[in-house]
Amino acid sequence: MRPVVDETLCIGCGTCEEICPDVFQVGDDGLSHVIAADPVAACADVGCCEEAAEECPVDAISIID
């Protein structure tokens, strides 16, 4: 599983960063970004990527198999 943020949908609310700070971070541009060097391993290790995607208020996060 690899998380992807659609920057055209992201509103920079920070929900994903609150839920999964090892994987997501709101950048200086006000948008969320995947910051994990190996997002596939990070999602498997911390197990919060799916929750972050589900809680995103604008459905800007997708989990790609």
# chains A, B, ... in the order shown; residues from 1 in each chain; ligands from 1
call {"tool": "select_by_dssp", "arguments": {"residues": "chain A", "states": "strand (DSSP E or B)", "output": "PDB file with N, CA and C atoms, in the first residue's frame"}}
result
ATOM      1  N   ARG A   2       0.573   2.152  -0.906  1.00  0.00           N
ATOM      2  CA  ARG A   2       1.326   3.399  -0.999  1.00  0.00           C
ATOM      3  C   ARG A   2       0.343   4.561  -0.984  1.00  0.00           C
ATOM      4  N   PRO A   3       0.501   5.487  -0.041  1.00  0.00           N
ATOM      5  CA  PRO A   3      -0.403   6.639  -0.001  1.00  0.00           C
ATOM      6  C   PRO A   3      -0.009   7.688  -1.037  1.00  0.00           C
ATOM      7  N   VAL A   4      -1.027   8.312  -1.602  1.00  0.00           N
ATOM      8  CA  VAL A   4      -0.819   9.381  -2.573  1.00  0.00           C
ATOM      9  C   VAL A   4      -1.771  10.515  -2.205  1.00  0.00           C
ATOM     10  N   VAL A   5      -1.258  11.739  -2.187  1.00  0.00           N
ATOM     11  CA  VAL A   5      -2.080  12.909  -1.902  1.00  0.00           C
ATOM     12  C   VAL A   5      -2.360  13.640  -3.208  1.00  0.00           C
ATOM     13  N   PHE A  24       2.732  11.613   6.782  1.00  0.00           N
ATOM     14  CA  PHE A  24       2.210  12.848   6.179  1.00  0.00           C
ATOM     15  C   PHE A  24       2.689  14.092   6.922  1.00  0.00           C
ATOM     16  N   GLN A  25       2.852  15.168   6.166  1.00  0.00           N
ATOM     17  CA  GLN A  25       3.191  16.456   6.769  1.00  0.00           C
ATOM     18  C   GLN A  25       2.629  17.563   5.884  1.00  0.00           C
ATOM     19  N   VAL A  26       2.049  18.577   6.526  1.00  0.00           N
ATOM     20  CA  VAL A  26       1.593  19.747   5.794  1.00  0.00           C
ATOM     21  C   VAL A  26       2.822  20.625   5.567  1.00  0.00           C
ATOM     22  N   SER A  32      -0.762  18.893   2.126  1.00  0.00           N
ATOM     23  CA  SER A  32      -0.194  17.687   2.718  1.00  0.00           C
ATOM     24  C   SER A  32       0.703  16.975   1.709  1.00  0.00           C
ATOM     25  N   HIS A  33       1.781  16.387   2.240  1.00  0.00           N
ATOM     26  CA  HIS A  33       2.725  15.640   1.410  1.00  0.00           C
ATOM     27  C   HIS A  33       3.100  14.352   2.123  1.00  0.00           C
ATOM     28  N   VAL A  34       3.405  13.330   1.337  1.00  0.00           N
ATOM     29  CA  VAL A  34       3.932  12.092   1.885  1.00  0.00           C
ATOM     30  C   VAL A  34       5.416  12.335   2.140  1.00  0.00           C
ATOM     31  N   ILE A  61      -6.650  11.731  -0.197  1.00  0.00           N
ATOM     32  CA  ILE A  61      -5.640  10.681  -0.023  1.00  0.00           C
ATOM     33  C   ILE A  61      -6.168   9.376  -0.595  1.00  0.00           C
ATOM     34  N   SER A  62      -5.355   8.777  -1.446  1.00  0.00           N
ATOM     35  CA  SER A  62      -5.658   7.467  -1.998  1.00  0.00           C
ATOM     36  C   SER A  62      -4.593   6.492  -1.531  1.00  0.00           C
ATOM     37  N   ILE A  63      -5.002   5.246  -1.361  1.00  0.00           N
ATOM     38  CA  ILE A  63      -4.046   4.194  -1.037  1.00  0.00           C
ATOM     39  C   ILE A  63      -3.971   3.284  -2.258  1.00  0.00           C
ATOM     40  N   ILE A  64      -2.801   3.235  -2.862  1.00  0.00           N
ATOM     41  CA  ILE A  64      -2.574   2.461  -4.080  1.00  0.00           C
ATOM     42  C   ILE A  64      -1.942   1.122  -3.697  1.00  0.00           C
TER      43      ILE A  64
END
call {"tool": "residues_around", "arguments": {"residues": "Glu51 in chain A", "least_positions_apart": "6", "cutoff": "9 Å", "atoms": "only C-alpha atoms", "output": "list in words"}}
result
Cys16, Ile19 and Cys20 of chain A
call {"tool": "residues_around", "arguments": {"residues": "Ala36 in chain A", "least_positions_apart": "4", "cutoff": "9 Å", "atoms": "only C-alpha atoms", "output": "list of chain:residue names"}}
result
A:Asp22, A:Val23, A:Phe24, A:Val40, A:Ala41, A:Ala42, A:Cys43
call {"tool": "atom_distance", "arguments": {"atom1": "CA of Pro39 in chain A", "atom2": "CA of Pro57 in chain A"}}
result
21.3 Å
call {"tool": "select_by_dssp", "arguments": {"residues": "chain A", "states": "alpha helix (DSSP H)", "output": "short mmCIF file (atom, residue, chain, number, x, y, z; two decimals) with C-alpha atoms, in the first residue's frame"}}
result
data_model
loop_
_atom_site.label_atom_id
_atom_site.label_comp_id
_atom_site.auth_asym_id
_atom_site.auth_seq_id
_atom_site.Cartn_x
_atom_site.Cartn_y
_atom_site.Cartn_z
CA THR A 15 -5.94 15.69 9.73
CA CYS A 16 -3.66 13.20 8.01
CA GLU A 17 -0.61 14.63 9.78
CA GLU A 18 -2.37 14.35 13.16
CA ILE A 19 -3.33 10.73 12.50
CA PRO A 39 5.90 5.12 2.26
CA VAL A 40 5.03 1.47 1.60
CA ALA A 41 7.14 0.31 4.55
CA ALA A 42 6.01 3.23 6.72
CA CYS A 43 2.33 2.46 6.14
CA ALA A 44 2.91 -1.20 6.96
CA ASP A 45 4.90 -0.33 10.11
CA VAL A 46 2.68 2.35 11.60
CA CYS A 49 -2.40 5.37 6.34
CA GLU A 50 -5.83 3.88 5.71
CA GLU A 51 -7.29 5.78 8.67
CA ALA A 52 -5.77 9.02 7.39
CA ALA A 53 -7.33 8.39 3.96
CA GLU A 54 -10.72 7.58 5.50
CA GLU A 55 -10.69 10.69 7.72
#
call {"tool": "atom_distance", "arguments": {"atom1": "CA of Gly14 in chain A", "atom2": "CA of Cys56 in chain A"}}
result
8.9 Å
call {"tool": "closest_residue", "arguments": {"among": "A:Glu7, A:Met1, A:Gly47, A:Pro21", "to": "Ile35 in chain A", "atoms": "only C-alpha atoms"}}
result
A:Pro21
